[in-house]
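Enquirer: Input: one structure, supplied below.
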Amino acid sequence: MYKIDMPATDEKSRVEYLAIIPHRVRDDNYGTTLDDSESLHRFVDYVPDDMSLCFLYALKYKDLSKAEIKSFNTIINDISKRLKLTNKDIARPQHSQLIRYANYHWRQMEGSNVDGALAVVKQGDIKTTGLPTNKLISYNKEVINPNPEPLTWSELFDASYQAVDKSQNNRDAIAYPSFSKNLIKEVQDALKLTRSAAISTLTTLKTDASQPNARRLLSWALSLLDDHSIRLNTISKYIGCIGRDWLMLTMDENIGQWEGDDFEDIYEQIIQSKIKDGRKTSMLCKSSEFEDDTSSDIDDDKNATDQPLSYLDRLKDSQKFTYGRLKAFHDHQRTHFDAPYVYFPWGSNRQVVRANMVSPHIYHAMKDYVQSSNLEIDQKQLCLVVLSLAYRTGMRISEIIGIKVTDIADIGNLNRQMIEYPKIILRPNRYRRLKSSSAKRVIPIDSLFKEDELQPFITFYYQQKRLKRRYLLSQGSGDQPLPAVFFSNMIKIIWDRLLSNHSFTFHSLRHTALSQLALVLSGSPLAQVMTDYDKEHSDAIVSAVLANNKEKGMWFGLASLAGHLTPDTTFEYYIHTAHLLAGWQMSQAKLVMPVTVFEMVTGISYQTVNRQEGRAYDGSTKQVNLDKMRGYLINKVVSKESLFVDNSTSVNVTYPQKIKNDAVDTQLSIFIHPKIYDVIALLEELQTVNVDKRAGQLAEVALRHGIAISDARKIYNNACQLFTDDRLILGAPTGHKNQEVLVTALDRAYQTSIDEPARLKSFVEIFKDKHNLNTSSIHFGIKETRLEMLQQFVTVGCQLIDASHWQIRAHSEQEVRGVKKELGLDKTIRVGARKNFHGYEVRVVQKKRKRSDKNLAMTNEYYSSSGVLKYLGCLLYILVKVNDYQ
């Protein structure tokens with residue numbers, strides 16, 4: 001047994017206590033796995049009521065090892081017989097008349113506030129599980145690594161990252177082209193043809209696909225086509241069942257280096273996405289959480305057109321069908337792609353839940369770790385916003401990635417009034433595929449975030465809006481959000497370095513938020529113990545979340561926030577505090593016992609009762625108020641240490657910290673202004689102004705972008721010198737990959753401007769002398785001085801942009817190989833030939849595919865200038881203090 005210290009409910013009360021008895025119940029169909037065991041277990045946190053505490057106290061010193069103790073089922077059956085109450089199924093005592101009547105009478109008792117949903121949970125009609133016992137005991141007491149490895153920005157984009165203790169070899173990132181949303185449609189269209197035509201089409205698609213996730217899926221489809229016993233429309237249903245989720249969840253991932261746990265995590269998400277969210281009969285009714293009629297008005301056997309669904313369609317949408325397809329798909333990967341063994345606990349209608357909650361202790365350690373890192377200020381700001389969104393809102397990773405700046409409402413100057421109560425309106429877009437119409441919802445950020453999270457979020461929003469970025473969590477042009485691997489890597493890397501052992505995934509944060517909000521919305525003081533919300537903040541959250549769900553009740557309000565049509569799914573998969581909450585609600589019942597009976601049961605005399613709590617004994621009725629004796633009884637029967645108590649007021653971890661000083665950084669850097677994206681936004685806005693009015697509006701625009709007027713004037717003058725027409729800045733290179741290359745190059749350029757300013761200055765000066773705005777390449781002659789200049793330019797260039805993106809061309813490839821060797825240039829620099837060209841052409845390239853006969857390329861795949869070098873060179877010329885640098 002364990003105890004929880006609960007805050008006092010009024011000024012006269014002492015600190016209250018709650019006793020907890022964690023139970024592990026084996027269940028063949030629902031629960032969480034332990035270690036490598038194939039068995040499933042549900043965890044039920046039993047809170048003994050005050051009457052039960054009396055009996056536990058009486059039995060504390062009794063030797064029960066030799067006592068003949070009947071099972072609970074037998075006891076309920078014996079009492080039912082004595083009282084002549086129906087008990088049809090001895091194995092299911094929760095459905096006996098005795099338990100049903102007891103439930104009714106308990107809820108009529110003074111102080112009892114067990115709501116209808118939790119009564120159904122206690123009866124076992126809604127499946128839910130608490131945290132495994134070891135996780136419950138260690139919650140908010142986790143040991144944090146005092147000396148974690150520092151966090152770096154580049155590793156957050158490493159698609160091959162798995163864990164710090166896994167193999168670090170062969171981790172070269174794979175270059176992924178843009179994700180094709182139409183691949184599944186192309187496959188299913190091909191499967192409408194003849195078998196031979198389908199094989200031919202899918203073989204072509206597989207040859208063209210460079211993403212490993214797509215190649216594996218197409219390989220499986222081709223293997224199914226080889227089996228003539230499987231019809232083509234059946235194969236189409238197989239691919240449609242798991243294909244889209246597989247491609248989306250494994251995008252930008254180096255699958256070849258995955259281990260079994262990585263596959264299992266993805267498969268679990270696919271399985272859970274097939275929950276028949278609102279298409280099954282709900283155990284809870286929207287009209288009232290207390291009504292006995294739990295029937296649903298949703299017909300599981302009809303679609304939107306009221307036509308009966310076919311058996312195959314219903315089967316297709318089930319978890320069991322999905323389980324079978326995933327298992328077959330993974331067996332194919334093991335045979336043809338050397339995939340690791342994965343244990344499939346699902347199937348036969350088994351529901352496997354990963355019961356995890358991230359405690360406030362860990363969350364604040366994560367924030368401190370990011371704050372103390374060597375990341376740039378803007379990078380820290382972005383990481384902290386991601387942390388807050390994931391921990392506080394419970395949004396899915398795809399929903400967070402897809403947040404657009406225009407999705408943020410109730411912030412800014414509205415009707416000539418400044419309003420800052422931000423809310424996120426979730427709508428589907430190309431990066432955020434919502435599962436159903438119920439997933440469209442409003443997230444009240446202004447209420448869920450704490451003050452030290454809300455203000456940075458507002459500041460970050462204004463910055464992204466000012467820089468005209470489309471997606472909130474983006475860099476560069478902002479046309480695409482940061483890749484999914486960034487979000488999963490950031491969370492996992494932090495956990496791997498702060499915790500010696502954990503089983504958390506990004507999805508654990510969704511479990512955490514919904515489990516904690518269940519406590520907050522119920523008004524339970526458990527919220528002040530298991531979360532970092534105080535009573536005042538909890539009340540604000542209740543008002544915001546339940547604003548549009550007062551008639552439906554708190555559980556439908558929470559389900560609505562989570563994007564679920566009914567609370568059943570929320571309980572089954574995400575709420576791990578339901579039994580704790582139900583126990584606390586039941587403990588509020590005002591139980592009394594005659595003092596003589598109390599003394600006979602416990603051996604505690606009237607004098608002891610009166611001495612422990614003066615209000616425990618009512619002299620007029622000769623009754624003992626058991627709730628007033630609860631603290632005394634609990635302290636006698638449970639261990640001394642309390643659960644959930646974070647013994648440190650703050651996370652006592654000292655991180656190696658590089659103190660950032662903006663003034664020092666600015667002096668060391670040869671950049672006129674250190675915040676590159678503010679400079680870009682300044683130039684883009686000025687470029688829209690009439691040429692004759694630019695000088696006059698320069699000061700106003702500079703202040704709007706947080707740039708000193710003197711610096712803005714230097715930037716503007718440099719831009720005017722660079723461009724002979726009305727332009728001030730080039731259009732940014734298009735394409736997701738080019739944006740990644742550019743963002744990385746700008747980050748590296750800023751660091752180089754501090755560490756090696758002379759080298760960066762020489763790079764800019766060479767670019768200035770050699771550049772031509774009509775081309776995207778730099779030309780060098782064959783004289784010795786020109787070759788030295790080429791060597792210097794390319795060497796610094798490879799520090800900014802990875803060598804594999806660079807290409808040198810001459811009249812023959814052999815000539816380029818010779819000069820590379822002579823100058824000692826990076827071996828991974830690409831070579832190319834340009835007929836009748838005199839000298840050397842240097843450029844940054846991207847891989848393209850020939851799609852038309854009008855294209856004069858000699859091969860189907862070729863390299864062409866990406867535009868990154870021209871954009872980067874022009875921007876650096878504008879930024880670098882070329883003239884006054886000493």
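So you can find residues: chains in the structure tokens are A, B, ... in the order shown, residues in each start at 1, and ligands are numbered from 1 in order.
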Quick one: residues within 12 Å of range 763-770 of chain A, only C-alpha atoms, excluding same-chain residues fewer than 4 positions away - as a PyMOL selection string?
Expert: chain A and resi 670-671+718+721-723+749+752-753+756-759+774-781+786+788-800+841-843+869-883+885
Enquirer: Would you list the contacts of range 822-837 of chain A as JSON, numbers by chain, taking every protein, DNA or RNA residue within 7 Å and counting only C-alpha atoms, but skipping same-chain residues closer than 4 positions in sequence?
Expert: {"A": [791, 795, 803, 804, 806, 807, 808, 809, 810, 811, 812, 813, 816, 818]}
Enquirer: Deliver the residues from the most recent selection as a file, using C-alpha atoms, as a compact mmCIF listing (two decimals), in the first residue's frame.
Expert:
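Saved the output as part.txt:
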# COMPACT_ATOMS: atom_id res chain seq x y z
CA GLN A 791 40.39 26.16 -53.84
CA THR A 795 36.88 24.84 -49.21
CA ALA A 803 30.34 18.74 -50.18
CA SER A 804 27.91 16.27 -51.78
CA TRP A 806 28.68 20.89 -54.78
CA GLN A 807 29.64 20.19 -58.39
CA ILE A 808 32.62 21.31 -60.48
CA ARG A 809 32.38 21.11 -64.27
CA ALA A 810 34.99 21.53 -67.01
CA HIS A 811 35.32 20.36 -70.63
CA SER A 812 35.77 16.80 -69.30
CA GLU A 813 35.16 14.95 -66.05
CA VAL A 816 37.84 17.97 -62.93
CA GLY A 818 42.64 16.00 -61.77
Enquirer: Just give me the gap between CA of Ser522 in chain A and CA of Gln585 in chain A in Å, one decimal is fine.
Expert: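 It comes out at 9.3 Å.
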Enquirer: So that I can check the surroundings of His705 in chain A, please list as a PDB file with all heavy atoms, in the first residue's frame every protein, DNA and RNA residue that reaches within 8 Å of it, counting only C-alpha atoms and ignoring chain neighbours fewer than 5 positions away.
Expert:
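Contents of selection_25.pdb, as written:
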ATOM      1  N   ARG A 466       5.528  37.948 -38.625  1.00  0.00           N
ATOM      2  CA  ARG A 466       6.272  39.070 -39.204  1.00  0.00           C
ATOM      3  C   ARG A 466       7.174  38.598 -40.335  1.00  0.00           C
ATOM      4  O   ARG A 466       7.385  39.302 -41.325  1.00  0.00           O
ATOM      5  CB  ARG A 466       7.096  39.742 -38.095  1.00  0.00           C
ATOM      6  CG  ARG A 466       7.982  40.879 -38.577  1.00  0.00           C
ATOM      7  CD  ARG A 466       8.481  41.700 -37.406  1.00  0.00           C
ATOM      8  NE  ARG A 466       9.043  40.874 -36.363  1.00  0.00           N
ATOM      9  CZ  ARG A 466      10.277  40.376 -36.394  1.00  0.00           C
ATOM     10  NH1 ARG A 466      11.042  40.604 -37.440  1.00  0.00           N
ATOM     11  NH2 ARG A 466      10.739  39.656 -35.401  1.00  0.00           N
ATOM     12  N   ASP A 678      15.356  38.042 -39.779  1.00  0.00           N
ATOM     13  CA  ASP A 678      14.820  39.400 -39.655  1.00  0.00           C
ATOM     14  C   ASP A 678      15.310  40.273 -40.807  1.00  0.00           C
ATOM     15  O   ASP A 678      14.574  41.117 -41.327  1.00  0.00           O
ATOM     16  CB  ASP A 678      15.250  40.006 -38.317  1.00  0.00           C
ATOM     17  CG  ASP A 678      14.494  39.414 -37.145  1.00  0.00           C
ATOM     18  OD1 ASP A 678      13.472  38.760 -37.370  1.00  0.00           O
ATOM     19  OD2 ASP A 678      14.933  39.611 -35.995  1.00  0.00           O
ATOM     20  N   VAL A 679      16.573  40.076 -41.205  1.00  0.00           N
ATOM     21  CA  VAL A 679      17.127  40.827 -42.332  1.00  0.00           C
ATOM     22  C   VAL A 679      16.384  40.473 -43.616  1.00  0.00           C
ATOM     23  O   VAL A 679      16.039  41.348 -44.420  1.00  0.00           O
ATOM     24  CB  VAL A 679      18.638  40.545 -42.480  1.00  0.00           C
ATOM     25  CG1 VAL A 679      19.184  41.198 -43.746  1.00  0.00           C
ATOM     26  CG2 VAL A 679      19.397  41.043 -41.261  1.00  0.00           C
ATOM     27  N   ALA A 681      13.314  39.352 -43.894  1.00  0.00           N
ATOM     28  CA  ALA A 681      11.977  39.940 -43.829  1.00  0.00           C
ATOM     29  C   ALA A 681      12.024  41.443 -44.103  1.00  0.00           C
ATOM     30  O   ALA A 681      11.135  41.988 -44.768  1.00  0.00           O
ATOM     31  CB  ALA A 681      11.352  39.670 -42.465  1.00  0.00           C
ATOM     32  N   LEU A 682      13.060  42.127 -43.584  1.00  0.00           N
ATOM     33  CA  LEU A 682      13.227  43.558 -43.828  1.00  0.00           C
ATOM     34  C   LEU A 682      13.345  43.843 -45.326  1.00  0.00           C
ATOM     35  O   LEU A 682      12.658  44.722 -45.880  1.00  0.00           O
ATOM     36  CB  LEU A 682      14.464  44.062 -43.098  1.00  0.00           C
ATOM     37  CG  LEU A 682      14.948  45.474 -43.449  1.00  0.00           C
ATOM     38  CD1 LEU A 682      14.088  46.523 -42.773  1.00  0.00           C
ATOM     39  CD2 LEU A 682      16.412  45.661 -43.063  1.00  0.00           C
TER      40      LEU A 682
END
Enquirer: Using DSSP on the backbone coordinates, identify all residues within range 569-633 of chain A classified as alpha helix (DSSP H); present the result as JSON, numbers by chain.
Expert: {"A": [569, 578, 579, 580, 581, 582, 583, 584, 585, 586, 587, 595, 596, 597, 598, 599, 600, 601, 602, 606, 607, 608, 609, 610, 611, 612, 630, 631, 632, 633]}
Enquirer: What's around range 147-156 of chain A at 6 Å? Count only C-alpha atoms, leave out sequence neighbours fewer than 6 positions away in its own chain, and write the answer as a list of chain:residue names.
Expert: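 Non-adjacent residues within range: A:Ser373, A:Phe486, A:Asn489, A:Met490, A:Arg497, A:Tyr655.
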Enquirer: Pull N, CA and C atoms from the residues just selected and write them as a PDB file, in the first residue's frame.
Expert:
ATOM      1  N   SER A 373      21.226  24.688 -23.250  1.00  0.00           N
ATOM      2  CA  SER A 373      21.982  24.181 -24.393  1.00  0.00           C
ATOM      3  C   SER A 373      22.704  25.319 -25.110  1.00  0.00           C
ATOM      4  N   PHE A 486      12.414  15.895 -37.098  1.00  0.00           N
ATOM      5  CA  PHE A 486      12.876  16.905 -36.141  1.00  0.00           C
ATOM      6  C   PHE A 486      12.136  16.770 -34.816  1.00  0.00           C
ATOM      7  N   ASN A 489      12.864  13.316 -33.073  1.00  0.00           N
ATOM      8  CA  ASN A 489      14.252  13.315 -32.613  1.00  0.00           C
ATOM      9  C   ASN A 489      14.444  14.205 -31.394  1.00  0.00           C
ATOM     10  N   MET A 490      13.869  15.399 -31.425  1.00  0.00           N
ATOM     11  CA  MET A 490      14.081  16.341 -30.328  1.00  0.00           C
ATOM     12  C   MET A 490      13.631  15.743 -29.003  1.00  0.00           C
ATOM     13  N   ARG A 497      19.025  11.365 -23.048  1.00  0.00           N
ATOM     14  CA  ARG A 497      20.162  11.951 -22.328  1.00  0.00           C
ATOM     15  C   ARG A 497      19.849  12.285 -20.879  1.00  0.00           C
ATOM     16  N   TYR A 655      23.704  21.745 -15.771  1.00  0.00           N
ATOM     17  CA  TYR A 655      24.071  21.455 -17.142  1.00  0.00           C
ATOM     18  C   TYR A 655      25.234  22.338 -17.561  1.00  0.00           C
TER      19      TYR A 655
END
Enquirer: If we count only C-alpha atoms, what is near Met357 in chain A at a cut-off of 8 Å, once residues fewer than 5 positions away on the same chain are taken out, given as a list in words?
Expert: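 Skipping anything fewer than 5 positions along the chain leaves Leu131, Ser508, Leu509, His511, Thr512, Ser515 and His576 of chain A.
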Enquirer: In Å, rounded to a single decimal, give me how far CA of Thr569 in chain A is from CA of Tyr391 in chain A.
Expert: 19.5 Å
Enquirer: Restricting the calculation to only C-alpha atoms: of A:Ile458, A:Ile443, A:Ile634, A:Ile541, which residue gets closest to Leu56 in chain A?
Expert: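 Once distances to Leu56 in chain A are computed over only C-alpha atoms, the minimum belongs to A:Ile634.
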Enquirer: Extract, using only C-alpha atoms, all DNA, RNA and protein residues at most 10 Å from Asp446 in chain A, discarding same-chain residues fewer than 5 positions from it, and format them as a ChimeraX atom specification.
Expert: /A:410-411,420-424,451,453-455,457-458,540-541,544
Enquirer: Find the distance between CA of Asp726 in chain A and CA of Arg694 in chain A and write it in Å to one decimal.
Expert: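 Between CA of Asp726 in chain A and CA of Arg694 in chain A the gap is 10.7 Å.
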Enquirer: Can you tell me, as number ranges by chain, which residues in range 580-735 of chain A count as strand (DSSP E) by DSSP?
Expert: A: 592-594, 617-618, 623-625
Enquirer: Which residue out of A:Asn254, A:Thr859, A:Gln351, A:Thr335 has the minimum interatomic distance to Tyr30 in chain A when only C-alpha atoms are used?
Expert: A:Gln351
